[in-house]
>>> print(open('run-v9.cif').read())   # mmCIF, C-alpha atoms
data_coords
#
loop_
_atom_site.label_atom_id
_atom_site.label_comp_id
_atom_site.auth_asym_id
_atom_site.auth_seq_id
_atom_site.Cartn_x
_atom_site.Cartn_y
_atom_site.Cartn_z
CA PRO A 1 16.57 103.01 6.25
CA ALA A 2 13.06 101.88 7.13
CA SER A 3 12.50 105.00 9.25
CA ARG A 4 12.31 107.10 6.06
CA ILE A 5 9.34 105.13 4.71
CA PRO A 6 6.00 106.81 5.51
CA PRO A 7 3.98 104.82 8.12
CA THR A 8 1.10 104.13 5.67
CA VAL A 9 3.45 102.24 3.32
CA LYS A 10 5.54 100.37 5.92
CA PRO A 11 4.66 96.65 6.20
CA PRO A 12 3.94 95.15 9.63
CA PRO A 13 7.16 94.38 11.56
CA HIS A 14 6.52 90.60 11.44
CA SER A 15 6.47 90.43 7.65
CA LYS A 16 8.40 91.69 4.66
CA THR A 17 6.14 90.23 1.94
CA LYS A 18 3.66 91.93 -0.33
CA HIS A 19 0.92 89.66 1.08
CA HIS A 20 0.71 91.88 4.16
CA LEU A 21 0.84 95.36 2.62
CA ARG A 22 -2.28 97.30 3.42
CA ARG A 23 -3.97 99.89 1.28
CA PRO A 24 -5.31 102.99 2.99
CA GLN A 25 -9.09 102.83 3.46
CA LEU A 26 -10.95 105.63 1.72
CA PRO A 27 -14.56 106.56 2.45
CA PRO A 28 -16.98 105.53 -0.32
CA SER A 29 -17.76 108.21 -2.86
CA PRO A 30 -21.32 109.58 -3.18
CA ALA A 31 -21.53 108.03 -6.68
CA LEU A 32 -20.61 104.61 -5.30
CA LEU A 33 -23.19 104.87 -2.55
CA LEU A 34 -25.85 105.91 -5.05
CA SER A 35 -25.04 103.07 -7.46
CA SER A 36 -25.08 100.49 -4.66
CA ARG A 37 -28.80 100.98 -4.07
CA GLY A 38 -29.77 98.78 -7.02
CA PRO A 39 -31.46 97.43 -9.01
CA PHE A 40 -28.98 94.58 -9.17
CA ALA A 41 -28.31 91.98 -11.81
CA THR A 42 -28.42 88.33 -10.79
CA LEU A 43 -25.82 85.74 -11.67
CA ALA A 44 -27.12 83.16 -14.14
CA GLU A 45 -24.55 80.65 -12.89
CA PRO A 46 -22.39 80.54 -9.74
CA VAL A 47 -18.91 82.01 -10.25
CA PRO A 48 -15.66 80.80 -8.62
CA LEU A 49 -14.25 83.29 -6.14
CA SER A 50 -10.83 83.14 -7.81
CA LEU A 51 -9.22 85.99 -9.74
CA PRO A 52 -6.43 85.84 -12.34
CA ASP A 53 -4.04 87.74 -10.03
CA ASP A 54 -4.54 85.37 -7.07
CA LYS A 55 -1.27 83.59 -7.92
CA ASP A 56 0.60 86.86 -7.36
CA TRP A 57 -0.81 87.38 -3.86
CA LEU A 58 -1.89 84.02 -2.43
CA THR A 59 -0.32 80.68 -1.64
CA PRO A 60 -1.02 77.76 -4.00
CA LEU A 61 -3.37 76.26 -1.41
CA HIS A 62 -5.40 79.46 -1.13
CA CYS A 63 -5.52 79.72 -4.93
CA PHE A 64 -6.88 76.15 -5.08
CA VAL A 65 -9.52 76.84 -2.42
CA ARG A 66 -10.73 80.03 -4.14
CA ARG A 67 -10.85 78.34 -7.55
CA HIS A 68 -12.42 75.00 -6.60
CA CYS A 69 -14.01 75.30 -3.14
CA VAL A 70 -15.72 78.72 -2.95
CA GLN A 71 -18.25 80.16 -5.35
CA VAL A 72 -20.31 83.33 -5.44
CA PHE A 73 -23.99 82.84 -6.23
CA THR A 74 -27.32 84.63 -6.32
CA ALA A 75 -29.92 82.94 -4.11
CA THR A 76 -32.81 81.27 -5.91
CA GLU A 77 -36.14 79.99 -4.60
CA ASP A 78 -34.52 76.58 -3.97
CA ASP A 79 -31.76 78.22 -1.89
CA VAL A 80 -34.38 80.04 0.19
CA LYS A 81 -36.24 76.76 0.85
CA THR A 82 -33.07 74.91 1.92
CA PRO A 83 -32.46 75.10 5.68
CA SER A 84 -29.36 77.16 6.49
CA LYS A 85 -27.96 76.64 9.95
CA GLY A 86 -26.58 79.66 11.78
CA LYS A 87 -28.13 82.45 9.68
CA ARG A 88 -29.26 85.51 11.64
CA LYS A 89 -31.66 86.59 8.92
CA PRO A 90 -33.51 84.42 6.40
CA ILE A 91 -32.01 84.18 2.93
CA GLN A 92 -33.89 86.19 0.31
CA ILE A 93 -34.24 85.52 -3.41
CA GLY A 94 -31.60 87.54 -5.27
CA GLN A 95 -29.29 87.81 -2.26
CA VAL A 96 -25.60 87.30 -3.10
CA GLY A 97 -23.67 84.76 -1.08
CA ILE A 98 -20.71 82.41 -1.02
CA ARG A 99 -20.82 78.63 -0.69
CA CYS A 100 -18.92 75.42 -1.22
CA PRO A 101 -19.89 74.01 -4.64
CA HIS A 102 -19.27 70.44 -3.44
CA CYS A 103 -21.54 70.76 -0.40
CA HIS A 104 -24.20 72.49 -2.49
CA ALA A 105 -24.15 69.71 -5.11
CA HIS A 106 -24.30 67.07 -2.37
CA ARG A 107 -27.22 68.84 -0.68
CA SER A 108 -29.10 69.18 -3.98
CA ASN A 109 -28.76 65.48 -4.79
CA ALA A 110 -29.22 64.09 -1.30
CA THR A 111 -32.31 62.69 0.29
CA PRO A 112 -32.81 63.28 4.01
CA SER A 113 -30.57 60.86 5.91
CA SER A 114 -31.22 59.21 9.25
CA SER A 115 -29.21 61.99 10.91
CA GLN A 116 -31.72 64.62 9.82
CA SER A 117 -35.30 65.06 10.79
CA LYS A 118 -37.96 65.92 8.22
CA ASN A 119 -37.72 69.65 8.98
CA GLY A 120 -33.95 69.75 8.33
CA LYS A 121 -32.82 69.95 11.96
CA ILE A 122 -30.00 67.68 13.06
CA ASN A 123 -31.07 64.75 15.21
CA SER A 124 -29.15 65.20 18.48
CA LYS A 125 -29.20 61.47 19.31
CA THR A 126 -27.32 60.62 16.10
CA ASN A 127 -24.72 63.35 16.64
CA ALA A 128 -24.22 62.47 20.32
CA LYS A 129 -22.44 59.22 19.44
#
>>> encode(input="run-v9.cif", output="structure tokens")
Amino acid sequence: PASRIPPTVKPPPHSKTKHHLRRPQLPPSPALLLSSRGPFATLAEPVPLSLPDDKDWLTPLHCFVRRHCVQVFTATEDDVKTPSKGKRKPIQIGQVGIRCPHCHAHRSNATPSSSQSKNGKINSKTNAK
């Protein structure tokens, strides 16, 4: 019976799949904290967010999105110069982030359109239509 399974292993009552099993959270070890202070290597090229085991845990749609629509990157000088709407803190060179490769390629190749002002802010009159 399910009552014999320890509470930390029992899946949520709404699901019986492995997608919803949760691992216990352990505090970070002192060695991990020490190693996370840097210095850090930078990525020469953006990397897709996908992992080989995604197919075992995610739906086909989520696998597609992670493989083709999300990439991990290290911010360059060009990334810092590009306006980024909604950021609380400015992007710094060497910062790791995630982005859509299609939007990034479009932004890199695009010239400012009539919907954008010269400083990268959206023109409210164009969007109000």
>>> atom_distance(input="run-v9.cif", atom1="CA of Arg107 (chain A)", atom2="CA of Ser50 (chain A)")
22.9 Å
>>> residues_around(input="run-v9.cif", residues="Asp54 (chain A)", least_positions_apart="2", cutoff="12 Å", atoms="only C-alpha atoms", output="PyMOL selection string")
chain A and resi 19+49-52+56-67
>>> write_last_selection(input="run-v9.cif", atoms="C-alpha atoms", output="mmCIF file, keeping the file's coordinate frame")
data_model
loop_
_atom_site.group_PDB
_atom_site.id
_atom_site.type_symbol
_atom_site.label_atom_id
_atom_site.label_comp_id
_atom_site.auth_asym_id
_atom_site.auth_seq_id
_atom_site.Cartn_x
_atom_site.Cartn_y
_atom_site.Cartn_z
ATOM 1 C CA HIS A 19 0.920 89.660 1.080
ATOM 2 C CA LEU A 49 -14.250 83.290 -6.140
ATOM 3 C CA SER A 50 -10.830 83.140 -7.810
ATOM 4 C CA LEU A 51 -9.220 85.990 -9.740
ATOM 5 C CA PRO A 52 -6.430 85.840 -12.340
ATOM 6 C CA ASP A 56 0.600 86.860 -7.360
ATOM 7 C CA TRP A 57 -0.810 87.380 -3.860
ATOM 8 C CA LEU A 58 -1.890 84.020 -2.430
ATOM 9 C CA THR A 59 -0.320 80.680 -1.640
ATOM 10 C CA PRO A 60 -1.020 77.760 -4.000
ATOM 11 C CA LEU A 61 -3.370 76.260 -1.410
ATOM 12 C CA HIS A 62 -5.400 79.460 -1.130
ATOM 13 C CA CYS A 63 -5.520 79.720 -4.930
ATOM 14 C CA PHE A 64 -6.880 76.150 -5.080
ATOM 15 C CA VAL A 65 -9.520 76.840 -2.420
ATOM 16 C CA ARG A 66 -10.730 80.030 -4.140
ATOM 17 C CA ARG A 67 -10.850 78.340 -7.550
#
>>> resolve_selection(input="run-v9.cif", expression="the PyMOL selection byres ((chain A and resi 88-92) around 9)", output="list in words")
Ala75, Thr76, Glu77, Asp79, Val80, Lys81, Ser84, Gly86, Lys87, Ile93, Gly94 and Gln95 of chain A
>>> residues_around(input="run-v9.cif", residues="Arg99 (chain A)", least_positions_apart="4", cutoff="9 Å", atoms="only C-alpha atoms", output="mmCIF file with C-alpha atoms, in the frame of the given file")
data_model
loop_
_atom_site.group_PDB
_atom_site.id
_atom_site.type_symbol
_atom_site.label_atom_id
_atom_site.label_comp_id
_atom_site.auth_asym_id
_atom_site.auth_seq_id
_atom_site.Cartn_x
_atom_site.Cartn_y
_atom_site.Cartn_z
ATOM 1 C CA CYS A 69 -14.010 75.300 -3.140
ATOM 2 C CA VAL A 70 -15.720 78.720 -2.950
ATOM 3 C CA GLN A 71 -18.250 80.160 -5.350
ATOM 4 C CA VAL A 72 -20.310 83.330 -5.440
ATOM 5 C CA PHE A 73 -23.990 82.840 -6.230
ATOM 6 C CA CYS A 103 -21.540 70.760 -0.400
ATOM 7 C CA HIS A 104 -24.200 72.490 -2.490
#
>>> atom_distance(input="run-v9.cif", atom1="CA of Glu45 (chain A)", atom2="CA of Lys85 (chain A)")
23.4 Å
>>> atom_distance(input="run-v9.cif", atom1="CA of Val96 (chain A)", atom2="CA of Thr74 (chain A)")
4.5 Å
>>> closest_residue(input="run-v9.cif", among="A:Ser36, A:Pro83, A:Asp53, A:Pro48", to="Pro101 (chain A)", atoms="only C-alpha atoms")
A:Pro48
>>> closest_residue(input="run-v9.cif", among="A:Leu26, A:Gly97, A:Ala105, A:Thr82", to="Leu43 (chain A)", atoms="only C-alpha atoms")
A:Gly97
